[in-house]
$ cat entry.pdb   # PDB, C-alpha atoms
ATOM      1  CA  MET A   1      -1.943 114.546 -71.816
ATOM      2  CA  GLY A   2      -3.238 112.124 -69.196
ATOM      3  CA  GLU A   3      -1.756 108.819 -68.113
ATOM      4  CA  ARG A   4      -1.398 106.416 -71.015
ATOM      5  CA  LYS A   5      -3.782 103.475 -70.904
ATOM      6  CA  LEU A   6      -1.823 100.376 -71.861
ATOM      7  CA  SER A   7      -3.247  97.920 -74.365
ATOM      8  CA  CYS A   8      -2.235  95.111 -76.725
ATOM      9  CA  ILE A   9      -0.046  97.482 -78.724
ATOM     10  CA  ASP A  10       2.169  97.926 -75.638
ATOM     11  CA  CYS A  11       2.606  94.171 -75.089
ATOM     12  CA  GLY A  12       5.739  92.326 -76.170
ATOM     13  CA  VAL A  13       4.531  88.946 -74.941
ATOM     14  CA  VAL A  14       1.472  88.174 -77.115
ATOM     15  CA  ASN A  15       0.706  85.245 -74.843
ATOM     16  CA  CYS A  16      -2.911  85.291 -76.031
ATOM     17  CA  ASN A  17      -1.539  83.725 -79.222
ATOM     18  CA  LEU A  18       1.319  81.529 -78.010
ATOM     19  CA  MET A  19       0.152  80.602 -74.490
ATOM     20  CA  GLU A  20       3.758  80.008 -73.469
ATOM     21  CA  SER A  21       4.423  82.708 -70.879
ATOM     22  CA  GLU A  22       2.886  85.011 -68.296
ATOM     23  CA  PHE A  23       0.304  87.627 -69.203
ATOM     24  CA  PRO A  24       1.338  91.239 -68.530
ATOM     25  CA  ALA A  25      -0.397  93.060 -65.693
ATOM     26  CA  PHE A  26      -2.440  95.203 -68.119
ATOM     27  CA  CYS A  27      -3.438  92.316 -70.421
ATOM     28  CA  LEU A  28      -6.780  92.828 -72.135
ATOM     29  CA  THR A  29      -7.423  89.072 -72.139
ATOM     30  CA  THR A  30      -7.104  88.686 -68.390
ATOM     31  CA  HIS A  31      -8.927  91.967 -67.712
ATOM     32  CA  MET A  32     -11.654  91.448 -70.273
ATOM     33  CA  ASP A  33     -15.114  92.935 -69.898
ATOM     34  CA  GLU A  34     -17.071  89.700 -70.166
ATOM     35  CA  GLU A  35     -20.090  91.454 -71.644
ATOM     36  CA  VAL A  36     -17.990  92.853 -74.496
ATOM     37  CA  LEU A  37     -16.454  89.430 -75.093
ATOM     38  CA  ALA A  38     -19.843  87.723 -75.089
ATOM     39  CA  ASP A  39     -21.259  90.353 -77.432
ATOM     40  CA  ALA A  40     -18.384  89.868 -79.874
ATOM     41  CA  MET A  41     -18.598  86.080 -79.769
ATOM     42  CA  SER A  42     -22.347  86.173 -80.318
ATOM     43  CA  CYS A  43     -21.693  87.712 -83.746
ATOM     44  CA  TYR A  44     -20.032  84.466 -84.809
ATOM     45  CA  ALA A  45     -23.027  82.355 -83.816
ATOM     46  CA  GLU A  46     -24.626  82.217 -87.246
ATOM     47  CA  GLY A  47     -24.982  83.863 -90.623
ATOM     48  CA  GLU A  48     -22.410  85.622 -92.769
ATOM     49  CA  ASP A  49     -20.081  86.592 -89.918
ATOM     50  CA  ARG A  50     -19.732  82.952 -88.916
ATOM     51  CA  LYS A  51     -19.125  81.772 -92.459
ATOM     52  CA  ILE A  52     -16.578  84.515 -93.207
ATOM     53  CA  SER A  53     -14.613  83.682 -90.054
ATOM     54  CA  GLN A  54     -14.652  79.959 -90.806
ATOM     55  CA  VAL A  55     -13.678  80.335 -94.462
ATOM     56  CA  SER A  56     -10.954  82.860 -93.559
ATOM     57  CA  ALA A  57      -9.428  80.292 -91.216
ATOM     58  CA  THR A  58      -9.347  77.626 -93.934
ATOM     59  CA  VAL A  59      -7.760  80.044 -96.425
ATOM     60  CA  GLU A  60      -5.121  81.015 -93.869
ATOM     61  CA  HIS A  61      -4.379  77.353 -93.170
ATOM     62  CA  ASP A  62      -4.353  76.054 -96.717
ATOM     63  CA  GLY A  63      -2.470  78.956 -98.275
ATOM     64  CA  TYR A  64      -0.027  79.747 -95.471
ATOM     65  CA  LEU A  65       3.321  80.768 -97.038
ATOM     66  CA  HIS A  66       1.992  79.346-100.304
ATOM     67  CA  TRP A  67      -0.623  81.690-101.790
ATOM     68  CA  CYS A  68      -0.122  85.380-102.528
ATOM     69  CA  ARG A  69      -2.920  87.750-101.560
ATOM     70  CA  VAL A  70      -4.489  87.687-105.032
ATOM     71  CA  GLU A  71      -4.703  83.903-104.792
ATOM     72  CA  GLU A  72      -6.143  84.146-101.289
ATOM     73  CA  ILE A  73      -8.852  86.489-102.569
ATOM     74  CA  ILE A  74      -9.737  84.046-105.345
ATOM     75  CA  VAL A  75      -9.953  81.084-102.981
ATOM     76  CA  PHE A  76     -11.822  83.033-100.305
ATOM     77  CA  ALA A  77     -14.394  84.304-102.804
ATOM     78  CA  ARG A  78     -14.920  80.818-104.224
ATOM     79  CA  ARG A  79     -15.321  79.197-100.829
ATOM     80  CA  MET A  80     -17.766  81.906 -99.797
ATOM     81  CA  GLY A  81     -19.811  81.295-102.923
ATOM     82  CA  TYR A  82     -19.260  84.836-104.198
ATOM     83  CA  THR A  83     -19.638  85.237-107.958
ATOM     84  CA  ARG A  84     -19.907  89.000-108.489
ATOM     85  CA  LEU A  85     -16.861  90.956-107.378
ATOM     86  CA  GLY A  86     -16.486  94.733-107.226
ATOM     87  CA  ILE A  87     -13.266  96.702-107.582
ATOM     88  CA  ALA A  88     -12.994 100.199-106.093
ATOM     89  CA  THR A  89      -9.879 101.582-107.708
ATOM     90  CA  CYS A  90      -7.763 104.687-107.628
ATOM     91  CA  ALA A  91      -7.425 106.256-111.077
ATOM     92  CA  GLY A  92      -3.667 105.971-110.663
ATOM     93  CA  LEU A  93      -3.972 102.194-110.339
ATOM     94  CA  ILE A  94      -6.400 101.575-113.174
ATOM     95  CA  ALA A  95      -3.807  99.507-115.091
ATOM     96  CA  GLU A  96      -3.264  97.239-112.087
ATOM     97  CA  SER A  97      -7.016  96.980-111.556
ATOM     98  CA  ARG A  98      -7.530  95.967-115.190
ATOM     99  CA  LYS A  99      -4.981  93.181-114.695
ATOM    100  CA  LEU A 100      -6.770  92.110-111.532
ATOM    101  CA  ALA A 101     -10.106  92.067-113.354
ATOM    102  CA  LEU A 102      -8.613  89.914-116.113
ATOM    103  CA  ILE A 103      -7.265  87.448-113.557
ATOM    104  CA  LEU A 104     -10.560  87.274-111.692
ATOM    105  CA  ARG A 105     -12.560  86.840-114.894
ATOM    106  CA  ASN A 106     -10.221  84.043-115.961
ATOM    107  CA  HIS A 107     -11.200  82.315-112.727
ATOM    108  CA  GLY A 108     -14.891  82.588-113.542
ATOM    109  CA  PHE A 109     -15.940  85.668-111.593
ATOM    110  CA  GLU A 110     -18.085  88.534-112.817
ATOM    111  CA  VAL A 111     -16.177  91.751-112.182
ATOM    112  CA  TYR A 112     -17.491  95.304-111.994
ATOM    113  CA  GLY A 113     -15.154  98.192-111.231
ATOM    114  CA  VAL A 114     -15.589 101.856-110.361
ATOM    115  CA  VAL A 115     -12.749 104.393-110.508
ATOM    116  CA  CYS A 116     -12.383 107.086-107.854
ATOM    117  CA  LYS A 117     -12.939 109.994-110.255
ATOM    118  CA  CYS A 118     -16.188 108.537-111.596
ATOM    119  CA  GLY A 119     -18.901 111.198-111.776
ATOM    120  CA  THR A 120     -16.372 113.968-112.441
ATOM    121  CA  GLN A 121     -17.325 116.219-109.542
ATOM    122  CA  ARG A 122     -15.157 119.196-108.641
ATOM    123  CA  LYS A 123     -13.390 119.418-105.299
ATOM    124  CA  ASP A 124     -14.888 122.852-104.670
ATOM    125  CA  SER A 125     -18.354 121.249-104.737
ATOM    126  CA  ILE A 126     -17.654 119.812-101.270
ATOM    127  CA  GLY A 127     -15.671 122.782 -99.977
ATOM    128  CA  CYS A 128     -12.135 121.431-100.325
ATOM    129  CA  ASP A 129      -9.286 123.857 -99.737
ATOM    130  CA  PRO A 130      -8.450 125.442-103.141
ATOM    131  CA  VAL A 131      -4.810 124.392-102.708
ATOM    132  CA  CYS A 132      -5.952 120.807-103.341
ATOM    133  CA  ASN A 133      -6.682 121.774-106.960
ATOM    134  CA  GLU A 134      -2.917 121.715-107.542
ATOM    135  CA  LEU A 135      -3.306 117.928-107.903
ATOM    136  CA  GLY A 136      -6.385 118.209-110.096
ATOM    137  CA  GLU A 137      -9.779 119.842-109.819
ATOM    138  CA  ASN A 138     -11.897 116.683-109.767
ATOM    139  CA  MET A 139     -12.554 115.015-106.428
ATOM    140  CA  CYS A 140     -12.154 111.396-105.468
ATOM    141  CA  ASN A 141     -15.644 110.052-104.772
ATOM    142  CA  PRO A 142     -15.453 106.895-102.643
ATOM    143  CA  ILE A 143     -19.058 107.217-101.488
ATOM    144  CA  LEU A 144     -20.201 107.151-105.103
ATOM    145  CA  GLN A 145     -17.922 104.166-105.746
ATOM    146  CA  ALA A 146     -19.577 102.304-102.886
ATOM    147  CA  LYS A 147     -23.094 103.235-103.922
ATOM    148  CA  LEU A 148     -22.534 102.206-107.561
ATOM    149  CA  LEU A 149     -21.189  98.837-106.419
ATOM    150  CA  ASN A 150     -24.193  98.533-104.107
ATOM    151  CA  VAL A 151     -26.473  99.090-107.107
ATOM    152  CA  GLU A 152     -24.641  96.314-108.937
ATOM    153  CA  LYS A 153     -25.199  94.062-105.898
ATOM    154  CA  THR A 154     -21.625  92.872-105.734
ATOM    155  CA  ASP A 155     -20.997  89.996-103.338
ATOM    156  CA  PHE A 156     -17.515  91.106-102.360
ATOM    157  CA  ASN A 157     -15.517  94.293-102.958
ATOM    158  CA  ILE A 158     -11.781  94.815-103.412
ATOM    159  CA  VAL A 159     -10.081  98.129-102.663
ATOM    160  CA  MET A 160      -7.248  99.056-105.010
ATOM    161  CA  GLY A 161      -5.220 101.965-103.679
ATOM    162  CA  LEU A 162      -7.831 104.409-102.434
ATOM    163  CA  CYS A 163      -6.337 107.350-100.538
ATOM    164  CA  VAL A 164      -6.182 107.409 -96.759
ATOM    165  CA  GLY A 165      -9.592 108.625 -95.605
ATOM    166  CA  HIS A 166     -11.217 107.978 -98.960
ATOM    167  CA  ASP A 167     -10.857 104.268 -98.228
ATOM    168  CA  SER A 168     -12.562 104.873 -94.874
ATOM    169  CA  LEU A 169     -15.595 106.342 -96.602
ATOM    170  CA  PHE A 170     -15.739 103.456 -99.037
ATOM    171  CA  TYR A 171     -15.708 100.914 -96.191
ATOM    172  CA  LYS A 172     -18.412 102.905 -94.429
ATOM    173  CA  TYR A 173     -20.849 102.972 -97.347
ATOM    174  CA  ALA A 174     -20.187  99.633 -99.072
ATOM    175  CA  GLU A 175     -22.918  97.091 -98.370
ATOM    176  CA  ALA A 176     -20.907  94.004 -99.358
ATOM    177  CA  PRO A 177     -17.861  92.794 -97.396
ATOM    178  CA  VAL A 178     -14.613  94.510 -98.371
ATOM    179  CA  THR A 179     -10.967  93.474 -98.537
ATOM    180  CA  THR A 180      -7.944  95.560 -99.505
ATOM    181  CA  LEU A 181      -5.483  94.331-102.100
ATOM    182  CA  VAL A 182      -3.426  97.525-102.458
ATOM    183  CA  ALA A 183      -2.876 100.095 -99.706
ATOM    184  CA  LYS A 184      -1.771 103.318-101.371
ATOM    185  CA  ASP A 185       1.709 104.601-100.631
ATOM    186  CA  ARG A 186       2.976 106.722-103.496
ATOM    187  CA  VAL A 187       6.435 107.113-101.959
ATOM    188  CA  LEU A 188       7.094 103.469-101.119
ATOM    189  CA  GLY A 189       5.594 101.743-104.154
ATOM    190  CA  HIS A 190       2.369 100.897-102.309
ATOM    191  CA  ASN A 191       4.264  99.023 -99.599
ATOM    192  CA  PRO A 192       3.500 101.105 -96.484
ATOM    193  CA  ALA A 193       5.028  98.507 -94.176
ATOM    194  CA  ALA A 194       8.451  99.438 -95.552
ATOM    195  CA  ALA A 195       8.387 102.607 -93.433
ATOM    196  CA  LEU A 196       7.886 100.483 -90.314
ATOM    197  CA  TYR A 197      10.697  98.107 -91.245
ATOM    198  CA  GLN A 198      12.994 101.138 -91.656
ATOM    199  CA  ALA A 199      11.703 103.165 -88.698
ATOM    200  CA  ASP A 200      14.997 102.655 -86.831
ATOM    201  CA  PHE A 201      17.097 103.552 -89.864
ATOM    202  CA  TYR A 202      16.175 105.498 -93.020
ATOM    203  CA  TYR A 203      12.711 106.401 -91.700
ATOM    204  CA  LYS A 204      13.662 107.151 -88.103
ATOM    205  CA  LYS A 205      12.215 110.639 -88.618
ATOM    206  CA  LEU A 206       8.794 108.977 -88.204
ATOM    207  CA  LYS A 207       9.421 108.523 -84.499
ATOM    208  CA  GLU A 208       9.780 112.268 -83.960
ATOM    209  CA  ASP A 209       6.862 114.686 -83.891
ATOM    210  CA  SER A 210       7.331 117.511 -86.370
ATOM    211  CA  ASP A 211       5.522 120.416 -87.949
ATOM    212  CA  GLU A 212       5.888 118.646 -91.314
ATOM    213  CA  LEU A 213       3.274 116.097 -90.263
ATOM    214  CA  ARG A 214       0.566 118.546 -89.267
TER     215      ARG A 214
END
$ encode --input "entry.pdb" --output "structure tokens"
Amino acid sequence: MGERKLSCIDCGVVNCNLMESEFPAFCLTTHMDEEVLADAMSCYAEGEDRKISQVSATVEHDGYLHWCRVEEIIVFARRMGYTRLGIATCAGLIAESRKLALILRNHGFEVYGVVCKCGTQRKDSIGCDPVCNELGENMCNPILQAKLLNVEKTDFNIVMGLCVGHDSLFYKYAEAPVTTLVAKDRVLGHNPAAALYQADFYYKKLKEDSDELR
């Protein structure tokens, strides 16, 4: 392994946010490639990217420590002018997704949802290891979920507990903007941050490399 290249994740100062102290020697802000910065900022010049960034800032401001994430999604969608919302849900969270759909419909949105097992395709059809059939023979199909929501021309999509990797494929193929309401964590009640909060205590095993995680 070569020399580690330091980045924001190695910084304990975060002066780019607070502007109250010195920048570290490896700071990305003070060593920024100006072309990359200009390219990124040009994306905010007009169109949907600009509007999303502006509306996101108002939702953050107005709902700070006041609105839960479901409420933030409702307000964001309204302020963006979205009317047709898509839900890409894990089959294991269909009850929660039905509740979400009811809430969104009560707030005037059209809601269209697609479950991960939709299409009922077998895992062996894409060459999955046969051992995976121990959890069921039918595959999760996030690409199909995305394409069906694309057909429905949803304005905004909400991910509800898609598996790690499956969510990546959904983000890749969805044409409308996507937000995540539930990040799947079967062990921690869909609260993956709990492992980080306990990484020095009950989950300190996470900080050690092991054959179990291969």
$ residues_around --input "entry.pdb" --residues "Thr29 of chain A" --least-positions-apart "3" --cutoff "12 Å" --atoms "all atoms listed in the file" --output "ChimeraX atom specification"
/A:7-8,11,14-17,19,22-26,32-34,36-37
$ atom_distance --input "entry.pdb" --atom1 "atom CA of Tyr112 of chain A" --atom2 "atom CA of Leu85 of chain A"
6.4 Å
$ resolve_selection --input "entry.pdb" --expression "the PyMOL selection byres ((chain A and resi 157) around 10)" --output "list in words"
Arg84, Leu85, Gly86, Ile87, Ala88, Val111, Tyr112, Gly113, Ala146, Leu149, Asn150, Thr154, Asp155, Phe156, Ile158, Val159, Met160, Phe170, Tyr171, Ala174, Glu175, Ala176, Pro177, Val178, Thr179 and Thr180 of chain A
$ atom_distance --input "entry.pdb" --atom1 "atom CA of Gly108 of chain A" --atom2 "atom CA of Glu152 of chain A"
17.5 Å
$ residues_around --input "entry.pdb" --residues "His107 of chain A" --least-positions-apart "3" --cutoff "10 Å" --atoms "all atoms listed in the file" --output "VMD selection string"
chain A and resid 74 to 75 78 101 to 104 110
$ atom_distance --input "entry.pdb" --atom1 "atom CA of Ser97 of chain A" --atom2 "atom CA of Ala183 of chain A"
12.9 Å
$ closest_residue --input "entry.pdb" --among "A:Val131, A:Leu148, A:Leu162, A:Leu100" --to "Gly119 of chain A" --atoms "only C-alpha atoms"
A:Leu148
$ residues_around --input "entry.pdb" --residues "Glu72 of chain A" --least-positions-apart "5" --cutoff "12 Å" --atoms "all atoms listed in the file" --output "list in words"
Val55, Ser56, Ala57, Thr58, Val59, Glu60, His61, Asp62, Gly63, Tyr64, Leu65, His66, Trp67, Ala77, Arg78, Arg79, Met80, Leu104, Thr179, Thr180 and Leu181 of chain A
$ resolve_selection --input "entry.pdb" --expression "the PyMOL selection byres ((chain A and resi 92) around 10)" --output "PyMOL selection string"
chain A and resi 89-91+93-97+115-116+160-162+184+186
$ residues_around --input "entry.pdb" --residues "Leu206 of chain A" --least-positions-apart "5" --cutoff "10 Å" --atoms "all atoms listed in the file" --output "number ranges by chain"
A: 195-196, 198-200, 213
$ closest_residue --input "entry.pdb" --among "A:Lys51, A:Cys27, A:Asp39, A:Arg69" --to "Val13 of chain A" --atoms "only C-alpha atoms"
A:Cys27
$ resolve_selection --input "entry.pdb" --expression "the PyMOL selection byres ((chain A and resi 122-127) around 7)" --output "number ranges by chain"
A: 120-121, 128-129, 137-139
$ decode --input "entry.pdb" --residues "segment 158-183 of chain A" --atoms "N, CA and C atoms" --output "PDB file, in the first residue's frame"
ATOM      1  N   ILE A 158     -37.964   8.282  -4.102  1.00  0.00           N
ATOM      2  CA  ILE A 158     -37.575   8.068  -2.711  1.00  0.00           C
ATOM      3  C   ILE A 158     -37.169   6.609  -2.540  1.00  0.00           C
ATOM      4  N   VAL A 159     -35.959   6.388  -2.048  1.00  0.00           N
ATOM      5  CA  VAL A 159     -35.478   5.036  -1.793  1.00  0.00           C
ATOM      6  C   VAL A 159     -35.859   4.621  -0.381  1.00  0.00           C
ATOM      7  N   MET A 160     -36.465   3.434  -0.292  1.00  0.00           N
ATOM      8  CA  MET A 160     -36.886   2.884   0.995  1.00  0.00           C
ATOM      9  C   MET A 160     -36.196   1.540   1.226  1.00  0.00           C
ATOM     10  N   GLY A 161     -35.002   1.578   1.784  1.00  0.00           N
ATOM     11  CA  GLY A 161     -34.336   0.386   2.262  1.00  0.00           C
ATOM     12  C   GLY A 161     -33.806  -0.566   1.221  1.00  0.00           C
ATOM     13  N   LEU A 162     -33.397  -0.089   0.070  1.00  0.00           N
ATOM     14  CA  LEU A 162     -32.758  -0.992  -0.892  1.00  0.00           C
ATOM     15  C   LEU A 162     -31.405  -1.446  -0.347  1.00  0.00           C
ATOM     16  N   CYS A 163     -31.013  -2.669  -0.698  1.00  0.00           N
ATOM     17  CA  CYS A 163     -29.758  -3.230  -0.204  1.00  0.00           C
ATOM     18  C   CYS A 163     -28.564  -2.417  -0.694  1.00  0.00           C
ATOM     19  N   VAL A 164     -27.463  -2.530   0.039  1.00  0.00           N
ATOM     20  CA  VAL A 164     -26.214  -1.923  -0.411  1.00  0.00           C
ATOM     21  C   VAL A 164     -25.851  -2.496  -1.785  1.00  0.00           C
ATOM     22  N   GLY A 165     -25.576  -1.653  -2.724  1.00  0.00           N
ATOM     23  CA  GLY A 165     -25.267  -2.084  -4.087  1.00  0.00           C
ATOM     24  C   GLY A 165     -26.496  -2.032  -4.968  1.00  0.00           C
ATOM     25  N   HIS A 166     -27.595  -2.602  -4.491  1.00  0.00           N
ATOM     26  CA  HIS A 166     -28.852  -2.465  -5.234  1.00  0.00           C
ATOM     27  C   HIS A 166     -29.254  -0.992  -5.301  1.00  0.00           C
ATOM     28  N   ASP A 167     -29.070  -0.283  -4.179  1.00  0.00           N
ATOM     29  CA  ASP A 167     -29.389   1.150  -4.199  1.00  0.00           C
ATOM     30  C   ASP A 167     -28.513   1.893  -5.210  1.00  0.00           C
ATOM     31  N   SER A 168     -27.260   1.454  -5.332  1.00  0.00           N
ATOM     32  CA  SER A 168     -26.345   2.090  -6.290  1.00  0.00           C
ATOM     33  C   SER A 168     -26.866   1.968  -7.720  1.00  0.00           C
ATOM     34  N   LEU A 169     -27.375   0.787  -8.044  1.00  0.00           N
ATOM     35  CA  LEU A 169     -27.921   0.583  -9.386  1.00  0.00           C
ATOM     36  C   LEU A 169     -29.187   1.403  -9.609  1.00  0.00           C
ATOM     37  N   PHE A 170     -29.992   1.532  -8.572  1.00  0.00           N
ATOM     38  CA  PHE A 170     -31.188   2.361  -8.720  1.00  0.00           C
ATOM     39  C   PHE A 170     -30.800   3.812  -8.996  1.00  0.00           C
ATOM     40  N   TYR A 171     -29.867   4.350  -8.214  1.00  0.00           N
ATOM     41  CA  TYR A 171     -29.418   5.731  -8.435  1.00  0.00           C
ATOM     42  C   TYR A 171     -28.871   5.899  -9.851  1.00  0.00           C
ATOM     43  N   LYS A 172     -28.165   4.888 -10.315  1.00  0.00           N
ATOM     44  CA  LYS A 172     -27.531   4.972 -11.636  1.00  0.00           C
ATOM     45  C   LYS A 172     -28.552   5.063 -12.761  1.00  0.00           C
ATOM     46  N   TYR A 173     -29.651   4.319 -12.645  1.00  0.00           N
ATOM     47  CA  TYR A 173     -30.595   4.222 -13.758  1.00  0.00           C
ATOM     48  C   TYR A 173     -31.831   5.115 -13.615  1.00  0.00           C
ATOM     49  N   ALA A 174     -32.071   5.672 -12.454  1.00  0.00           N
ATOM     50  CA  ALA A 174     -33.232   6.550 -12.280  1.00  0.00           C
ATOM     51  C   ALA A 174     -33.005   7.862 -13.016  1.00  0.00           C
ATOM     52  N   GLU A 175     -34.006   8.310 -13.740  1.00  0.00           N
ATOM     53  CA  GLU A 175     -33.885   9.566 -14.492  1.00  0.00           C
ATOM     54  C   GLU A 175     -34.242  10.779 -13.638  1.00  0.00           C
ATOM     55  N   ALA A 176     -35.157  10.616 -12.690  1.00  0.00           N
ATOM     56  CA  ALA A 176     -35.541  11.722 -11.816  1.00  0.00           C
ATOM     57  C   ALA A 176     -34.578  11.808 -10.634  1.00  0.00           C
ATOM     58  N   PRO A 177     -34.478  12.964  -9.988  1.00  0.00           N
ATOM     59  CA  PRO A 177     -33.657  13.074  -8.780  1.00  0.00           C
ATOM     60  C   PRO A 177     -34.118  12.080  -7.716  1.00  0.00           C
ATOM     61  N   VAL A 178     -33.178  11.663  -6.876  1.00  0.00           N
ATOM     62  CA  VAL A 178     -33.459  10.635  -5.871  1.00  0.00           C
ATOM     63  C   VAL A 178     -33.016  11.115  -4.490  1.00  0.00           C
ATOM     64  N   THR A 179     -33.825  10.796  -3.472  1.00  0.00           N
ATOM     65  CA  THR A 179     -33.392  10.956  -2.092  1.00  0.00           C
ATOM     66  C   THR A 179     -33.622   9.638  -1.372  1.00  0.00           C
ATOM     67  N   THR A 180     -32.941   9.442  -0.264  1.00  0.00           N
ATOM     68  CA  THR A 180     -33.096   8.216   0.522  1.00  0.00           C
ATOM     69  C   THR A 180     -33.785   8.539   1.836  1.00  0.00           C
ATOM     70  N   LEU A 181     -34.871   7.854   2.112  1.00  0.00           N
ATOM     71  CA  LEU A 181     -35.532   8.009   3.407  1.00  0.00           C
ATOM     72  C   LEU A 181     -35.043   6.955   4.389  1.00  0.00           C
ATOM     73  N   VAL A 182     -34.909   5.709   3.928  1.00  0.00           N
ATOM     74  CA  VAL A 182     -34.444   4.626   4.799  1.00  0.00           C
ATOM     75  C   VAL A 182     -33.215   3.977   4.187  1.00  0.00           C
ATOM     76  N   ALA A 183     -32.120   3.940   4.957  1.00  0.00           N
ATOM     77  CA  ALA A 183     -30.928   3.190   4.563  1.00  0.00           C
ATOM     78  C   ALA A 183     -30.972   1.854   5.281  1.00  0.00           C
TER      79      ALA A 183
END
